[in-house]
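**Q** First, the structure itself, so that you have it in front of you.
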Amino acid sequence: MAFVEHVAPDDRGPAEERPVRPPFGIRARILTPLAGGGFSFLPDGLLEVGETGTITRAEAWAVDTPMAAEISPVLDLRPLVLLPGLIDLHAHLPQLPNAGLGAGLDLLTWLERYIFPLERGFDLATAERLAPQAFGLLAAAGTTTAVLYGAVYEDSLGACFAAAERHGIRAVIGKVMMDRLRYDPTVDDSEVLDLSLQQSQRLIERWHGRDDGRLQYAVTPRFAVSCSADMLRQSAALAAATGAYWQTHLAEDRDEIDEVARLFPEAHDYVDVYDRAGGLGARTILAHAVHLSQREVERLAETGTRVAHCPSSNLFLASGAMPLARYLEAGIVIGLGSDVAAGPELSLFSVMRAGAYTQSGLRTMLGESRPPLKPLDWLRIGTIEGARALGLEARIGSLEVGKEADFILVDPSATAPIEGQAMDEPSDIVSRLIYRNRPGMIRGGWVRGRRLAT
Ligand SMILES: [Zn+2]
C-alpha cells in the first residue's frame, strides 16, 4: 500500500500502520449508527475508502472478498474499533487556553474575567499560532467536524479558516458579531454593525463552501445580550441570502435570560427575540437552550431550529440542566457541543458523560420520568444527529456506503478497568468510552479518508 505511515501509539507497543490518504481498506470492528435508524456492529468488518474519500464498502469481512489492486493489502487493525467521527456543534476557538478555569462563576462574570481578555487578544498572530494547535487537539479528542466561534476580527478569523484548510478537519466557523458589551473599543459604536456585516460577508465569499463544502461559514452574533435587534436581524438576513449557517447562544443562564427580557421588552420570551430577527430555521444552531418554556420548545421544533446541547459547560458554570428527553420528544434536532472554554474539555465523550449524569440528576432529583438515554443513544447524538443538525446527514455522521469517510479509530482496551479485559458488546464498548474515557483511546481521525494531524 502506497499511502501508509507507521505510528507508535505509545511507548509500549510496536509501531502500527495507519492509512494516510485514500484509497485504502481497513479490517477492524466497525460500529456505527445508521442514518435510517438503529445501529450496525461488525465484529470483523471491512471499511473500504475509494480514491475520492468516499466509503465504498462497509461490510462483514470475507476472506474471498475481491479487492482492487490499489487497496491491497487491507490493513488489519483488529481489535480496534472504527466509529464515525464526532461532531462538535459548539466551541470557541480563542477560549481554549482558559479551559477549566473559572468554575462556579456565573456566566456574565465569567465572560468578563476569563473570556473577553482572551478574545480581545485573539489577533492575527495569536490565531496563526493557536488555531493549528486547536485543530490538532480536536482531532486527538475524536472530533472530525467542529462548529466554532472565533473572535471579532476579520483577519484572525481568516487565519482560523486557513489553518482548518491545511489541517483537513471539517469546520464551520464564524466571526463573532457584537454591537453591545463589546471588547474592541477601536471601532466606533456607530460603525460596528455595518463593519461587522461587511467583514462577515467577505469571509463568506472567501471561505463558505471551500473544498467542496468541507469548510463552511456561520454568521455568528454572540447572543442577544451583546447584539442589538438590528444586528440580529441583519445577520440573519445575511445568512439567509448566502446559505451560511446562523449560530448564537440561547437561554443558558437565569441572569442572562433576565437581561434579555430587559433589553427586548417587546419579545414574548428569549426564543421570540431570535424569531423576530428571522433567525429560526434549519440552518440555525442555538447553543444551550437550557431554560425554555413549553411555547419556546414548540417554536424551536416547528421551525426546525437546531440545538447544540452542552451539558459539561452547563454543569461547569452551574447554568442548569437541559431537559434533553423532553426536547427530543418534542422533535427538536439536537447534537452535542463541548462549548470550550465554558466546557472544560474538547472530548465529546466527556460531554456525553456530563450529559448522562445530568439526565440521571433530572430523574433522581427533579422527577423526570422519561427513559434515560443509553450509551448508544449518546453516540448517535454525537455523530449522526450532529450531522443532521448541520443538514449533512447524507454526507457524514455514519459509516455507510456512499458517505464521505469521516471516522475515528478507538482502542477500547484503554478504557478497561483491568488489563486484558475483552469487550464484545457494542453498548459495553461505548459505555466505557463515555464513562471511562482516556486520552489514549483515540488512535486516529480521518476526514474524507485523509488522516488528521493530532
Ligand atoms: Zn458558547
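Naming scheme: A, B, ... for chains in displayed order of the C-alpha cells; residues 1 onward per chain; ligands 1 onward as shown.
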Residues near Lys175 of chain A, anyone? I mean within 8 Å using only C-alpha atoms, not counting same-chain ones fewer than 6 positions away, as a ChimeraX atom specification.
**A** /A:149-154,157,200,218-220
**Q** Once you have the residues from the selection above, write them out as a tab-separated table (two decimals), in the first residue's frame, restricted to all heavy atoms.
**A**
chain	number	residue	atom	x	y	z
A	149	TYR	N	-16.86	29.33	17.11
A	149	TYR	CA	-16.87	30.78	17.14
A	149	TYR	C	-15.41	31.23	17.16
A	149	TYR	O	-14.58	30.65	17.89
A	149	TYR	CB	-17.52	31.31	18.42
A	149	TYR	CG	-19.02	31.13	18.54
A	149	TYR	CD1	-19.65	29.93	18.26
A	149	TYR	CD2	-19.81	32.20	18.98
A	149	TYR	CE1	-21.02	29.79	18.42
A	149	TYR	CE2	-21.19	32.06	19.14
A	149	TYR	CZ	-21.79	30.85	18.85
A	149	TYR	OH	-23.15	30.70	19.01
A	150	GLY	N	-15.10	32.29	16.42
A	150	GLY	CA	-13.78	32.90	16.51
A	150	GLY	C	-13.86	34.13	17.41
A	150	GLY	O	-14.65	34.17	18.36
A	151	ALA	N	-13.02	35.12	17.13
A	151	ALA	CA	-13.11	36.41	17.82
A	151	ALA	C	-13.79	37.39	16.86
A	151	ALA	O	-14.35	36.99	15.83
A	151	ALA	CB	-11.72	36.88	18.21
A	152	VAL	N	-13.75	38.68	17.17
A	152	VAL	CA	-14.46	39.65	16.32
A	152	VAL	C	-13.65	40.09	15.10
A	152	VAL	O	-14.18	40.78	14.24
A	152	VAL	CB	-14.87	40.91	17.11
A	152	VAL	CG1	-15.87	40.57	18.20
A	152	VAL	CG2	-13.67	41.63	17.69
A	153	TYR	N	-12.38	39.72	15.02
A	153	TYR	CA	-11.50	40.28	13.99
A	153	TYR	C	-11.53	39.47	12.70
A	153	TYR	O	-11.39	38.26	12.72
A	153	TYR	CB	-10.06	40.34	14.50
A	153	TYR	CG	-9.95	40.90	15.90
A	153	TYR	CD1	-9.50	40.10	16.95
A	153	TYR	CD2	-10.31	42.22	16.18
A	153	TYR	CE1	-9.42	40.60	18.23
A	153	TYR	CE2	-10.23	42.72	17.47
A	153	TYR	CZ	-9.78	41.90	18.49
A	153	TYR	OH	-9.70	42.38	19.76
A	154	GLU	N	-11.64	40.18	11.59
A	154	GLU	CA	-11.73	39.52	10.29
A	154	GLU	C	-10.46	38.75	9.94
A	154	GLU	O	-10.51	37.59	9.52
A	154	GLU	CB	-12.01	40.58	9.21
A	154	GLU	CG	-12.14	40.01	7.81
A	154	GLU	CD	-12.39	41.09	6.77
A	154	GLU	OE1	-12.35	42.29	7.11
A	154	GLU	OE2	-12.64	40.73	5.60
A	157	LEU	N	-10.00	35.60	11.94
A	157	LEU	CA	-10.93	34.55	11.50
A	157	LEU	C	-10.42	33.89	10.22
A	157	LEU	O	-10.48	32.66	10.06
A	157	LEU	CB	-12.32	35.17	11.31
A	157	LEU	CG	-13.54	34.27	11.53
A	157	LEU	CD1	-13.77	33.33	10.38
A	157	LEU	CD2	-13.50	33.50	12.84
A	200	SER	N	-18.16	39.93	7.73
A	200	SER	CA	-18.76	38.59	7.65
A	200	SER	C	-19.02	38.23	6.19
A	200	SER	O	-18.76	37.10	5.76
A	200	SER	CB	-20.06	38.54	8.45
A	200	SER	OG	-19.81	38.84	9.81
A	218	ALA	N	-20.52	30.25	9.41
A	218	ALA	CA	-21.70	30.50	10.24
A	218	ALA	C	-21.70	31.98	10.63
A	218	ALA	O	-20.74	32.44	11.29
A	218	ALA	CB	-21.69	29.63	11.49
A	219	VAL	N	-22.70	32.70	10.23
A	219	VAL	CA	-22.86	34.08	10.71
A	219	VAL	C	-23.14	33.99	12.21
A	219	VAL	O	-23.99	33.20	12.64
A	219	VAL	CB	-24.01	34.78	9.96
A	219	VAL	CG1	-24.17	36.21	10.45
A	219	VAL	CG2	-23.74	34.75	8.45
A	220	THR	N	-22.38	34.76	13.00
A	220	THR	CA	-22.26	34.46	14.43
A	220	THR	C	-22.48	35.67	15.35
A	220	THR	O	-21.53	36.19	15.94
A	220	THR	CB	-20.86	33.83	14.70
A	220	THR	OG1	-20.67	32.73	13.81
A	220	THR	CG2	-20.72	33.35	16.13
**Q** Return as a PyMOL selection string every polymer residue, whether protein, DNA or RNA, with at least one atom no more than 10 Å from an atom of ligand 1; count only C-alpha atoms and all ligand atoms.
**A** chain A and resi 89-92+95+148-149+222-223+247-250+252+286-288+308+310+313+337-343
**Q** Hey, can you check how far atom CA of Phe407 of chain A sits from atom CA of Arg283 of chain A?
**A**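 Here the two named atoms are 23.9 Å from each other.
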**Q** Between segment 287-381 of chain A and segment 254-273 of chain A, at 8 Å or less, what are the per-residue closest atom pairs and their distances in Å? Count only C-alpha atoms, order by chain and rising residue number, and return it as JSON lines.
**A**
{"residue": "A:His291", "atom": "CA", "partner": "A:Arg254", "partner_atom": "CA", "distance": 7.8}
{"residue": "A:Glu296", "atom": "CA", "partner": "A:Val271", "partner_atom": "CA", "distance": 5.9}
{"residue": "A:Arg299", "atom": "CA", "partner": "A:Val271", "partner_atom": "CA", "distance": 7.8}
{"residue": "A:Leu300", "atom": "CA", "partner": "A:Val271", "partner_atom": "CA", "distance": 7.8}
{"residue": "A:Ser319", "atom": "CA", "partner": "A:Arg254", "partner_atom": "CA", "distance": 7.4}
**Q** Residues of the last selection are to be written out with N, CA and C atoms, as a compact mmCIF listing (two decimals), in the first residue's frame.
**A**
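Once everything was written out, this is out.txt:
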# COMPACT_ATOMS: atom_id res chain seq x y z
N HIS A 291 -33.04 26.70 29.59
CA HIS A 291 -34.28 27.08 30.29
C HIS A 291 -35.30 27.58 29.27
N GLU A 296 -41.64 27.95 23.86
CA GLU A 296 -40.34 28.07 23.18
C GLU A 296 -39.90 26.72 22.59
N ARG A 299 -41.86 26.11 19.50
CA ARG A 299 -41.47 27.01 18.41
C ARG A 299 -40.16 26.54 17.76
N LEU A 300 -39.21 26.09 18.59
CA LEU A 300 -37.96 25.57 18.02
C LEU A 300 -38.25 24.33 17.18
N SER A 319 -25.14 26.52 35.09
CA SER A 319 -26.17 27.22 34.33
C SER A 319 -27.53 26.54 34.46
**Q** Mind checking which residues fall within 6 Å of Ile434 of chain A, counting only C-alpha atoms, ignoring those fewer than 2 positions away in the same chain, and posting them as a PyMOL selection string?
**A** chain A and resi 349+353+431-432+436-437
**Q** Residues as selected, N, CA and C atoms, written as a PDB file, in the first residue's frame, can you do that?
**A**
ATOM      1  N   PHE A 349     -16.781  12.623  24.225  1.00  0.00           N
ATOM      2  CA  PHE A 349     -17.110  11.528  25.136  1.00  0.00           C
ATOM      3  C   PHE A 349     -17.271  12.069  26.561  1.00  0.00           C
ATOM      4  N   ARG A 353     -20.711  12.026  28.887  1.00  0.00           N
ATOM      5  CA  ARG A 353     -20.764  11.614  30.296  1.00  0.00           C
ATOM      6  C   ARG A 353     -21.469  12.679  31.135  1.00  0.00           C
ATOM      7  N   SER A 431     -20.160   2.413  26.326  1.00  0.00           N
ATOM      8  CA  SER A 431     -20.332   2.809  27.720  1.00  0.00           C
ATOM      9  C   SER A 431     -18.980   3.162  28.353  1.00  0.00           C
ATOM     10  N   ARG A 432     -17.988   2.325  28.077  1.00  0.00           N
ATOM     11  CA  ARG A 432     -16.663   2.597  28.662  1.00  0.00           C
ATOM     12  C   ARG A 432     -15.999   3.796  27.994  1.00  0.00           C
ATOM     13  N   ARG A 436     -15.400   5.989  31.052  1.00  0.00           N
ATOM     14  CA  ARG A 436     -14.005   5.801  31.463  1.00  0.00           C
ATOM     15  C   ARG A 436     -13.090   6.299  30.349  1.00  0.00           C
ATOM     16  N   ASN A 437     -13.456   7.411  29.760  1.00  0.00           N
ATOM     17  CA  ASN A 437     -12.667   7.829  28.600  1.00  0.00           C
ATOM     18  C   ASN A 437     -11.280   8.297  29.026  1.00  0.00           C
TER      19      ASN A 437
END
**Q** Which residue gives the smallest distance to Asp428 of chain A among A:Ala62, A:Val147, A:Leu376, A:Leu197, with only C-alpha atoms counted?
**A**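 Between A:Ala62, A:Val147, A:Leu376, A:Leu197, the residue approaching Asp428 of chain A most closely is A:Leu376.
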**Q** Taking only C-alpha atoms into account, which of A:Leu390, A:Val410, A:Ala171, A:Val290 comes nearest Arg78 of chain A?
**A**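 Counting only C-alpha atoms, the residue closest to Arg78 of chain A is A:Val410.
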**Q** Run DSSP on the backbone of this structure and report the residues of segment 144-329 of chain A it assigns to alpha helix (DSSP H), as a PyMOL selection string.
**A** chain A and resi 154-167+189-207+210-213+229-242+254-263+270-276+294-303+311-316+324-329
**Q** Please provide as a ChimeraX atom specification all residues within 10 Å of Gly142 of chain A, with the sequence filter that same-chain residues fewer than 3 positions apart are discarded (counting only C-alpha atoms).
**A** /A:83-88,137-139,145,346-349,407-410,439,441-446,454
**Q** Just the selected residues (N, CA and C atoms), exported as a JSON list (two decimals), in the first residue's frame, please.
**A**
[["chain", "number", "residue", "atom", "x", "y", "z"],
["A", 83, "LEU", "N", -15.37, 4.08, 14.44],
["A", 83, "LEU", "CA", -16.64, 4.78, 14.70],
["A", 83, "LEU", "C", -16.72, 5.97, 13.75],
["A", 84, "PRO", "N", -17.91, 6.49, 13.52],
["A", 84, "PRO", "CA", -17.98, 7.76, 12.78],
["A", 84, "PRO", "C", -17.26, 8.85, 13.59],
["A", 85, "GLY", "N", -16.68, 9.82, 12.91],
["A", 85, "GLY", "CA", -16.05, 10.94, 13.61],
["A", 85, "GLY", "C", -17.09, 11.71, 14.41],
["A", 86, "LEU", "N", -16.65, 12.27, 15.54],
["A", 86, "LEU", "CA", -17.58, 13.02, 16.40],
["A", 86, "LEU", "C", -17.78, 14.43, 15.85],
["A", 87, "ILE", "N", -18.97, 14.96, 16.09],
["A", 87, "ILE", "CA", -19.35, 16.27, 15.54],
["A", 87, "ILE", "C", -19.64, 17.22, 16.68],
["A", 88, "ASP", "N", -18.77, 18.19, 16.86],
["A", 88, "ASP", "CA", -18.90, 19.17, 17.95],
["A", 88, "ASP", "C", -19.61, 20.40, 17.39],
["A", 137, "LEU", "N", -5.75, 19.27, 18.46],
["A", 137, "LEU", "CA", -6.33, 18.79, 19.72],
["A", 137, "LEU", "C", -7.76, 18.29, 19.53],
["A", 138, "LEU", "N", -8.51, 18.96, 18.68],
["A", 138, "LEU", "CA", -9.86, 18.47, 18.38],
["A", 138, "LEU", "C", -9.79, 17.08, 17.76],
["A", 139, "ALA", "N", -8.89, 16.91, 16.79],
["A", 139, "ALA", "CA", -8.75, 15.60, 16.14],
["A", 139, "ALA", "C", -8.31, 14.55, 17.16],
["A", 145, "THR", "N", -15.57, 16.99, 12.91],
["A", 145, "THR", "CA", -16.28, 18.19, 12.45],
["A", 145, "THR", "C", -16.46, 19.11, 13.65],
["A", 346, "LEU", "N", -12.38, 19.26, 25.37],
["A", 346, "LEU", "CA", -12.81, 19.14, 23.98],
["A", 346, "LEU", "C", -13.49, 17.81, 23.70],
["A", 347, "SER", "N", -13.18, 16.79, 24.50],
["A", 347, "SER", "CA", -13.69, 15.44, 24.20],
["A", 347, "SER", "C", -15.21, 15.37, 24.28],
["A", 348, "LEU", "N", -15.84, 14.97, 23.19],
["A", 348, "LEU", "CA", -17.29, 14.80, 23.22],
["A", 348, "LEU", "C", -17.70, 13.57, 24.02],
["A", 349, "PHE", "N", -16.78, 12.62, 24.23],
["A", 349, "PHE", "CA", -17.11, 11.53, 25.14],
["A", 349, "PHE", "C", -17.27, 12.07, 26.56],
["A", 407, "PHE", "N", -14.10, 9.35, 9.99],
["A", 407, "PHE", "CA", -14.19, 8.31, 11.02],
["A", 407, "PHE", "C", -13.04, 8.42, 12.00],
["A", 408, "ILE", "N", -13.19, 7.73, 13.12],
["A", 408, "ILE", "CA", -12.12, 7.67, 14.11],
["A", 408, "ILE", "C", -11.84, 6.20, 14.43],
["A", 409, "LEU", "N", -10.62, 5.98, 14.92],
["A", 409, "LEU", "CA", -10.19, 4.64, 15.33],
["A", 409, "LEU", "C", -10.00, 4.69, 16.84],
["A", 410, "VAL", "N", -10.69, 3.81, 17.56],
["A", 410, "VAL", "CA", -10.58, 3.84, 19.02],
["A", 410, "VAL", "C", -10.09, 2.49, 19.55],
["A", 439, "PRO", "N", -7.37, 9.78, 27.31],
["A", 439, "PRO", "CA", -6.81, 10.43, 26.11],
["A", 439, "PRO", "C", -6.27, 9.42, 25.10],
["A", 441, "MET", "N", -7.27, 6.60, 24.16],
["A", 441, "MET", "CA", -8.19, 5.66, 23.50],
["A", 441, "MET", "C", -8.50, 6.06, 22.06],
["A", 442, "ILE", "N", -8.27, 7.32, 21.70],
["A", 442, "ILE", "CA", -8.49, 7.75, 20.31],
["A", 442, "ILE", "C", -7.18, 7.54, 19.56],
["A", 443, "ARG", "N", -7.22, 6.65, 18.57],
["A", 443, "ARG", "CA", -5.97, 6.27, 17.90],
["A", 443, "ARG", "C", -5.87, 6.84, 16.49],
["A", 444, "GLY", "N", -6.73, 7.76, 16.16],
["A", 444, "GLY", "CA", -6.61, 8.42, 14.86],
["A", 444, "GLY", "C", -7.95, 8.94, 14.39],
["A", 445, "GLY", "N", -7.89, 9.99, 13.57],
["A", 445, "GLY", "CA", -9.11, 10.55, 12.99],
["A", 445, "GLY", "C", -8.88, 10.85, 11.51],
["A", 446, "TRP", "N", -9.91, 10.65, 10.70],
["A", 446, "TRP", "CA", -9.82, 10.86, 9.25],
["A", 446, "TRP", "C", -11.02, 11.67, 8.77],
["A", 454, "THR", "N", -2.61, 15.17, 14.79],
["A", 454, "THR", "CA", -3.09, 15.35, 16.17],
["A", 454, "THR", "C", -1.99, 15.95, 17.04]]
**Q** So which residues touch segment 383-387 of chain A within 6 Å, counting only C-alpha atoms, skipping near sequence neighbours fewer than 5 positions away, as a list in words?
**A**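 Once the nearby chain positions are removed, what remains is Leu86, Ile87, Gly335, Leu392, Glu393, Gly397 and Ser398 of chain A.
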**Q** Selection from above, all heavy atoms, as a CSV table (one decimal), in the first residue's frame, can you write it?
**A**
chain,number,residue,atom,x,y,z
A,86,LEU,N,-16.6,12.3,15.5
A,86,LEU,CA,-17.6,13.0,16.4
A,86,LEU,C,-17.8,14.4,15.8
A,86,LEU,O,-16.9,15.0,15.2
A,86,LEU,CB,-17.0,13.1,17.8
A,86,LEU,CG,-16.8,11.7,18.5
A,86,LEU,CD1,-16.1,11.8,19.8
A,86,LEU,CD2,-18.1,10.9,18.6
A,87,ILE,N,-19.0,15.0,16.1
A,87,ILE,CA,-19.4,16.3,15.5
A,87,ILE,C,-19.6,17.2,16.7
A,87,ILE,O,-20.6,17.0,17.4
A,87,ILE,CB,-20.6,16.1,14.6
A,87,ILE,CG1,-20.2,15.2,13.4
A,87,ILE,CG2,-21.1,17.5,14.1
A,87,ILE,CD1,-21.3,14.9,12.5
A,335,GLY,N,-27.7,18.1,18.7
A,335,GLY,CA,-26.4,17.5,18.7
A,335,GLY,C,-25.6,18.0,19.9
A,335,GLY,O,-26.2,18.6,20.8
A,392,LEU,N,-26.2,17.7,7.1
A,392,LEU,CA,-25.1,16.9,6.4
A,392,LEU,C,-25.3,15.4,6.6
A,392,LEU,O,-24.4,14.6,6.4
A,392,LEU,CB,-23.7,17.3,6.9
A,392,LEU,CG,-23.3,18.7,6.6
A,392,LEU,CD1,-21.9,19.0,7.2
A,392,LEU,CD2,-23.2,19.0,5.1
A,393,GLU,N,-26.5,15.0,7.0
A,393,GLU,CA,-26.7,13.6,7.4
A,393,GLU,C,-26.6,12.6,6.2
A,393,GLU,O,-26.3,11.4,6.3
A,393,GLU,CB,-28.1,13.3,8.1
A,393,GLU,CG,-29.3,13.5,7.2
A,393,GLU,CD,-29.8,15.0,7.1
A,393,GLU,OE1,-29.0,15.9,7.4
A,393,GLU,OE2,-30.9,15.2,6.8
A,397,GLY,N,-21.5,11.4,9.5
A,397,GLY,CA,-22.3,11.0,10.7
A,397,GLY,C,-22.4,9.5,10.9
A,397,GLY,O,-22.8,9.1,12.0
A,398,SER,N,-22.2,8.7,9.8
A,398,SER,CA,-22.3,7.3,10.0
A,398,SER,C,-21.4,6.6,8.9
A,398,SER,O,-21.0,7.3,8.0
A,398,SER,CB,-23.7,6.8,9.8
A,398,SER,OG,-24.2,7.1,8.5
